[in-house]
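Trainee: Quick one: structure below, then a few questions.
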Amino acid sequence: MTELNLGATALLATKMYIPPLQATMVRRARLLQLLELGQQRRLTLVAAGAGFGKTTLLSEWAAAQQPVAWVALDTGDNDVGRFLAYCIAAWQTLDPRLGSTTLALLRSPQPPATETLLTVLVNELVAAQPPAMTLILDDYSAITAPAVHAATAWLLDHLPPALRFIIATRADPPLPLGRWRARGQLAEIRADDLRFTPDETATFLVEMMGLPLAAGDVVALEARTEGWIAGLHLAALSAQGRDDLAGFVAAFTGSHRYVLDYLAEEVLGRLDSATEQFLLHTSILNRLCGPLCAAVLAAPETLAGRDAQAMLESLERAHLFVVPLDDERHWYRYHHLFADLLRYRLTQRDPAIVPLLHQRASAWHATNGLIDAAIQHSLSAGDVPGAVTLIAAHARDSLMQGEALTVRGWLSHLPPALIAESAHLAVIAAWAQLLTVQMPGIVEHLRHAEEQVGTLPDVEQQRVRGEIATIRAFIPRFEGDIRRSITLSEQALTIIAPDDLVLRGIIAGNLTVVGRLVGDVAAASRAAADAVAINQQSGNTFAALLAISDLAQLQVIQGQLQRATATFRQGLQLAVERGWRNVPALGLIHVGLGEVLYEWNDLDTATYHINEGIAIAFQSGYLDIATDGYLVLARLKQARGDHAGATEVLRQAEKTAQRNNVARFIAQVAAHQARLALIRGDLATANRWASSHNLHEQEEFDLEQAFVALTLARLHIAANHADRALRLTARLIEDVQASGNVGALIKLALVQALAYAAQHRGSNARQQVITALNLAEGPGYLRVFIDAGPEVATLLRQLPAAEAPAYAQEVLAAMLEASNATAKAAQSLVEPLSERELEVLRLLAAGLSNAAIAERLVITVGTVKRHLNNLNGKLATRSRTEAIAKAREIGLLR
């Protein structure tokens with residue numbers, strides 16, 4: 001079987017083959033020119049009814065063009081994830097770099113929301129800067145799902161200009177064609193364009209089909225078929241071998257519907273019985289190959305000694321509407337119009353056999369691992385028990401491959417009462433809803449599963465009870481009851497079988513998340529270590545990478561920086577071994593490692609990892625990772641004395657946090673902006689921040705607000721309210737000590753030292769500095785002292801020799817070196833770029849022309865040129881190429 005294996009999800013490679021040119025094809029230069037002109041537009045729509053030669057025309061055009069990718073759509077592509085997977089796989093036939101991160105997300109157990117996937121994909125395509133290429137979506141009329149239409153429209157609105165679409169369809173799709181038409185972004189080829197002209201009709205009938213027709217007969221057939229290619233093809237087949245061609249042409253009349261009925265009778269009526277039965281019985285199949293056809297027929301003797309593969313090849317040679325789907329002539333399909341006719345004729349002649357044929361097709365597909373097709377054929381056969389058996393056996397694997405929507409589609413064809421009466425179906429329905437975060441109804445499904453689990457064999461009972469317990473453990477987490485989620489997770493581990501590594505890995509991941517949420521770092525660390533070990537043991541390396549990232553982050557919290565670095569690098573090595581370049585967990589690892597390296601004052605290496613993490617975050621659509629990366633990058637800019645650069649990075653962080661719309665990230669960015677204002681002595685801006693967030697009188701903060709609290713404490717000290725700073729930090733330090741967050745403890749100690757110093761309580765200030773030094777020495781914290789400001793250096797120098805830890809001199813040396821480097825860097829700063837100038841710069845780097853940038857930003861070309869002039873002035877460059885290079889050099893572009 002020809003398959004393209006993408007991780008856990010198998011895609012049919014035949015759907016991405018460009019159909020080969022047919023021997024009877026008429027070259028259509030005028031239409032090829034229209035298609036070529038359409039390359040100047042975002043979309044070319046080829047829309048006409050069945051049999052107008054859309055696919056043939058596009059295959060002719062594609063054969064002469066490079067590069068072109070192809071997807072033959074069918075009803076199975078109404079799942080957004082599957083639709084995107086086929087589009088990406090087609091693009092990857094031209095450039096393997098395209099869409100790798102999105103594919104990784106699609107095959108994850110719980111893929112992100114469609115909007116996130118589309119954002120990831122577009123960012124990935126923009127970053128790759130691919131050459132001009134065209135993706136042809138054939139048979140788009142098979143798509144009926146609004147979600148897929150919405151995804152297509154979104155892609156067409158946001159893809160880089162180098163990537164163009166051609167859509168072939170029987171009917172206009174529900175896309176914003178009017179808007180694209182008004183903007184000059186749509187080219188159209190319609191039925192009137194596709195109809196054969198008299199000259200093309202003559203070429204086809206006389207030269208290609210070999211009919212000795214007089215000129216008048218050609219004109220008559222062309223007029224009566226109105227240039228409808230399928231009708232002409234059927235007419236030519238009926239006319240072959242006739243003596244009175246003129247009489248045949250004269251009798252050939254009627255509308256398309258009756259023409260089709262007439263010609264189908266004539267074509268099918270002249271076939272031998274074995275060939276006709278082959279055509280009728282295999283018409284239920286969307287794709288055909290010899291073994292599948294033989295299985296459906298289940299009676300080889302009816303083929304009169306010819307096997308099914310030979311029959312397919314003979315049908316192709318006879319031009320009986322059989323289209324090869326690969327170069328090896330292994331897979332075929334019937335022309336859609338011909339298949340419709342065959343199916344109609346089959347239901348009229350022998351309706352009773354149709355369910356049996358579908359059952360045979362289902363069995364063959366199931367045996368060959370094509371489960372979705374197997375289930376669809378079972379459902380078409382009305383074989384609900386057969387479909388239930390397949391769903392129960394395979395749905396869990398599909399769920400773990402990220403196909404929860406597909407599974408929900410299968411279940412939607414089953415009566416709700418049937419699902420409620422099956423423990424397996426009920427728990428599968430609960431999984432499908434949990435993985436798509438559709439919480440209403442999950443509890444009811446679990447109740448039904450519990451009621452029915454006793455009917456299962458003992459070994460199956462334990463598995464299903466473990467699944468029920470696992471799903472129940474997640475529900476309180478989504479409801480905000482974290483403690484309850486912890487309790488249920490621990491209970492689930494007593495129910496799950498010891499050798500059920502999949503469920504144990506899922507529970508370990510949940511315990512990691514909830515442990516971190518309640519500040520129980522030790523418990524979260526144990527859970528993360530368990531998740532790493534379990535997932536590696538089970539071979540689930542993708543989940544193992546996520547667990548490695550979680551474990552390293554927890555080690556950072558505990559001040560185990562050396563161990564965390566080793567764990568981060570373990571994750572990087574695993575990603576290299578697996579060929580993962582843009583998976584979200586890798587972005588987390590880069591940002592986490594960059595933050596540790598920053599703390600060790602290795603600014604260059606830290607900058608590399610932070611930029612890598614931010615790039616991956618945008619490519620994968622995980623904006624929370626990008627926000628965290630920007631916050632570290634702002635500190636890196638500030639560490640080099642680049643105040644303007646730090647300000648601009650924080651603006652980007654603010655914009656990203658607002659897009660992500662998570663209050664915690666928005667608050668973190670605002671606090672970092674206030675901290676930067678304090679460093680510059682801008683007390684007014686910092687006060688506005690505190691006032692706007694109603695923080696001046698607040699003295700109670702939870703662990704997630706630690707940086708906000710520390711920034712407010714620094715503001716209190718700067719405003720001569722050291723007593724407020726001490727009260728605030730004293731209340732927070734107890735929770736931080738309980739959580740074991742070493743980095744936060746050091747920062748709190750240093751803020752308290754500064755507060756005591758402001759009150760002229762030197763002994764207390766020195767004691768807090770010593771506390772910070774003792775905590776910092778083992779892990780090697782440096783930047784926490786440098787970033788605390790020159791006042792900390794003064795306190796370090798004031799430490800009595802007998803009291804000062806040896807580490808104090810190493811910290812002082814690092815602070816002196818940083819001070820000198822900052823002063824040097826400040827001399828070469830440039831004027832910061834505006835947000836619009838940064839947008840123009842990024843689009844320039846993506847390869848867009850001035851006109852394309854103007855279209856994207858809805859501004860004039862003259863305005864684009866003005867921005868380019870400003871960029872060259874601020875960056876001290878002379879051209880767009882130099883501006884892009886300089887921007888990359890100073891970190892404005894990733």
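Just remember, in the structure tokens the first chain shown is A, the second B, etc., residues are 1-based per chain, and ligands are 1-based in the order shown.
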With only C-alpha atoms as the counted atoms, please give the residues lying no more than 12 Å from Ala366 of chain A, apart from itself and same-chain residues fewer than 3 positions off, as a ChimeraX atom specification.
Mentor: /A:292,359-363,369-378,386-387,389-391,393-394
Trainee: Show which residues sit within 10 Å of Ala552 of chain A, as a list in words. Count only C-alpha atoms, and ignore same-chain residues fewer than 5 positions away.
Mentor: Ser525, Ala528, Ala529, Ala547, Ile557, Gln558, Gln560, Leu561, Gln562, Arg563, Ala564, Thr565, Ala566, Thr567, Phe568, Arg569, Gln570, Gly571, Leu588, Ile589, Gly592 and Leu593 of chain A
Trainee: Kindly assemble as a Markdown table a list of the segment 633-696 of chain A residues that lie within 9 Å of segment 704-721 of chain A, each paired with its nearest atom pair and their distance in Å to one decimal, using only C-alpha atoms, sorted first by chain and then by ascending residue number.
Mentor:
| residue | atom | partner | partner_atom | distance |
| --- | --- | --- | --- | --- |
| A:Arg664 | CA | A:Glu704 | CA | 7.8 |
| A:Ala667 | CA | A:Val708 | CA | 7.6 |
| A:Gln668 | CA | A:Val708 | CA | 6.7 |
| A:Ala670 | CA | A:Val708 | CA | 8.6 |
| A:Ala671 | CA | A:Val708 | CA | 5.4 |
| A:His672 | CA | A:Thr711 | CA | 7.9 |
| A:Ala674 | CA | A:Thr711 | CA | 7.3 |
| A:Arg675 | CA | A:Thr711 | CA | 5.9 |
| A:Leu678 | CA | A:Leu715 | CA | 7.2 |
| A:Gly681 | CA | A:Ala718 | CA | 8.8 |
| A:Leu683 | CA | A:Leu715 | CA | 7.6 |
| A:Ala686 | CA | A:Leu715 | CA | 7.0 |
| A:Asn687 | CA | A:Leu715 | CA | 7.6 |
| A:Ala690 | CA | A:Leu712 | CA | 7.2 |
| A:Leu695 | CA | A:Leu712 | CA | 7.5 |
| A:His696 | CA | A:Leu712 | CA | 7.7 |
Trainee: Produce a file of the selected residues containing all heavy atoms, as a tab-separated table (two decimals), in the first residue's frame.
Mentor:
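Result written to result-v1.tsv:
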chain	number	residue	atom	x	y	z
A	664	ARG	N	-1.93	36.84	33.51
A	664	ARG	CA	-0.65	36.70	34.20
A	664	ARG	C	0.49	37.25	33.36
A	664	ARG	O	1.38	37.95	33.87
A	664	ARG	CB	-0.39	35.22	34.52
A	664	ARG	CG	0.95	34.96	35.18
A	664	ARG	CD	1.03	33.52	35.66
A	664	ARG	NE	1.05	32.58	34.55
A	664	ARG	CZ	2.17	32.19	33.94
A	664	ARG	NH1	3.34	32.68	34.31
A	664	ARG	NH2	2.13	31.31	32.96
A	667	ALA	N	0.35	41.10	33.18
A	667	ALA	CA	0.84	41.70	34.42
A	667	ALA	C	2.36	41.62	34.51
A	667	ALA	O	3.03	42.56	34.97
A	667	ALA	CB	0.20	41.01	35.62
A	668	GLN	N	2.94	40.49	34.08
A	668	GLN	CA	4.39	40.33	34.12
A	668	GLN	C	5.08	41.35	33.23
A	668	GLN	O	6.09	41.95	33.61
A	668	GLN	CB	4.77	38.91	33.67
A	668	GLN	CG	4.44	37.82	34.65
A	668	GLN	CD	5.39	37.82	35.84
A	668	GLN	OE1	6.59	38.00	35.70
A	668	GLN	NE2	4.84	37.63	37.02
A	670	ALA	N	3.92	44.28	32.24
A	670	ALA	CA	3.78	45.62	32.83
A	670	ALA	C	4.77	45.82	33.97
A	670	ALA	O	5.35	46.91	34.12
A	670	ALA	CB	2.34	45.81	33.32
A	671	ALA	N	4.97	44.78	34.79
A	671	ALA	CA	5.92	44.89	35.89
A	671	ALA	C	7.35	45.06	35.37
A	671	ALA	O	8.15	45.82	35.94
A	671	ALA	CB	5.83	43.66	36.79
A	672	HIS	N	7.70	44.39	34.31
A	672	HIS	CA	9.04	44.54	33.73
A	672	HIS	C	9.21	45.95	33.16
A	672	HIS	O	10.30	46.53	33.26
A	672	HIS	CB	9.27	43.49	32.64
A	672	HIS	CG	9.73	42.17	33.17
A	672	HIS	ND1	8.89	41.27	33.78
A	672	HIS	CD2	10.97	41.59	33.18
A	672	HIS	CE1	9.56	40.20	34.14
A	672	HIS	NE2	10.83	40.37	33.81
A	674	ALA	N	7.76	48.62	34.32
A	674	ALA	CA	7.93	49.48	35.49
A	674	ALA	C	9.34	49.35	36.06
A	674	ALA	O	9.96	50.34	36.48
A	674	ALA	CB	6.89	49.13	36.55
A	675	ARG	N	9.86	48.12	36.09
A	675	ARG	CA	11.22	47.91	36.61
A	675	ARG	C	12.24	48.64	35.74
A	675	ARG	O	13.20	49.24	36.26
A	675	ARG	CB	11.53	46.41	36.62
A	675	ARG	CG	12.95	46.07	37.09
A	675	ARG	CD	13.10	46.27	38.57
A	675	ARG	NE	14.46	45.95	38.99
A	675	ARG	CZ	15.35	46.85	39.40
A	675	ARG	NH1	15.01	48.13	39.45
A	675	ARG	NH2	16.56	46.49	39.77
A	678	LEU	N	12.23	52.23	36.66
A	678	LEU	CA	12.95	52.48	37.91
A	678	LEU	C	14.45	52.50	37.68
A	678	LEU	O	15.17	53.33	38.27
A	678	LEU	CB	12.59	51.41	38.94
A	678	LEU	CG	11.22	51.53	39.60
A	678	LEU	CD1	10.91	50.30	40.44
A	678	LEU	CD2	11.14	52.78	40.45
A	681	GLY	N	15.44	55.73	36.62
A	681	GLY	CA	15.09	56.81	37.51
A	681	GLY	C	13.78	57.49	37.19
A	681	GLY	O	13.49	58.59	37.68
A	683	LEU	N	10.56	57.66	38.09
A	683	LEU	CA	9.64	57.29	39.16
A	683	LEU	C	8.18	57.53	38.76
A	683	LEU	O	7.28	56.81	39.18
A	683	LEU	CB	9.97	58.10	40.41
A	683	LEU	CG	9.80	57.39	41.75
A	683	LEU	CD1	10.68	56.17	41.81
A	683	LEU	CD2	10.12	58.34	42.89
A	686	ALA	N	6.80	54.52	36.85
A	686	ALA	CA	6.61	53.40	37.76
A	686	ALA	C	5.40	53.62	38.65
A	686	ALA	O	4.63	52.69	38.95
A	686	ALA	CB	7.86	53.18	38.59
A	687	ASN	N	5.19	54.85	39.11
A	687	ASN	CA	4.03	55.16	39.94
A	687	ASN	C	2.73	55.00	39.17
A	687	ASN	O	1.72	54.54	39.71
A	687	ASN	CB	4.14	56.59	40.49
A	687	ASN	CG	4.82	56.62	41.85
A	687	ASN	OD1	4.49	55.84	42.72
A	687	ASN	ND2	5.79	57.52	42.00
A	690	ALA	N	1.87	51.36	39.14
A	690	ALA	CA	1.31	50.89	40.41
A	690	ALA	C	-0.12	51.39	40.61
A	690	ALA	O	-0.99	50.65	41.08
A	690	ALA	CB	2.20	51.34	41.56
A	695	LEU	N	-1.93	48.90	43.11
A	695	LEU	CA	-0.92	48.14	43.86
A	695	LEU	C	-0.34	48.89	45.05
A	695	LEU	O	0.28	48.27	45.92
A	695	LEU	CB	0.24	47.76	42.91
A	695	LEU	CG	-0.09	46.82	41.76
A	695	LEU	CD1	1.13	46.66	40.86
A	695	LEU	CD2	-0.53	45.47	42.29
A	696	HIS	N	-0.51	50.20	45.12
A	696	HIS	CA	0.18	50.98	46.15
A	696	HIS	C	-0.08	50.47	47.56
A	696	HIS	O	0.83	50.44	48.40
A	696	HIS	CB	-0.21	52.45	46.04
A	696	HIS	CG	0.57	53.20	45.00
A	696	HIS	ND1	1.94	53.29	45.02
A	696	HIS	CD2	0.18	53.88	43.89
A	696	HIS	CE1	2.37	54.01	43.99
A	696	HIS	NE2	1.31	54.38	43.28
Trainee: Taking only residues of segment 108-150 of chain A that have an atom at most 8 Å from an atom of segment 845-856 of chain A, what is each one's shortest atom pair and its distance in Å to one decimal, using only C-alpha atoms, in chain and number order, as a tab-separated table?
Mentor:
residue	atom	partner	partner_atom	distance
A:Val126	CA	A:Ala846	CA	6.1
A:Ala127	CA	A:Ala846	CA	6.7
A:Gln129	CA	A:Ala846	CA	5.9
Trainee: Those same residues - N, CA and C atoms - I'd like them written as an mmCIF file, in the first residue's frame.
Mentor:
data_model
loop_
_atom_site.group_PDB
_atom_site.id
_atom_site.type_symbol
_atom_site.label_atom_id
_atom_site.label_comp_id
_atom_site.auth_asym_id
_atom_site.auth_seq_id
_atom_site.Cartn_x
_atom_site.Cartn_y
_atom_site.Cartn_z
ATOM 1 N N VAL A 126 6.211 31.869 6.425
ATOM 2 C CA VAL A 126 6.876 33.170 6.246
ATOM 3 C C VAL A 126 8.351 33.068 6.588
ATOM 4 N N ALA A 127 8.649 32.385 7.710
ATOM 5 C CA ALA A 127 10.042 32.282 8.140
ATOM 6 C C ALA A 127 10.886 31.490 7.145
ATOM 7 N N GLN A 129 10.679 31.484 3.945
ATOM 8 C CA GLN A 129 10.904 32.260 2.732
ATOM 9 C C GLN A 129 10.992 31.338 1.505
#
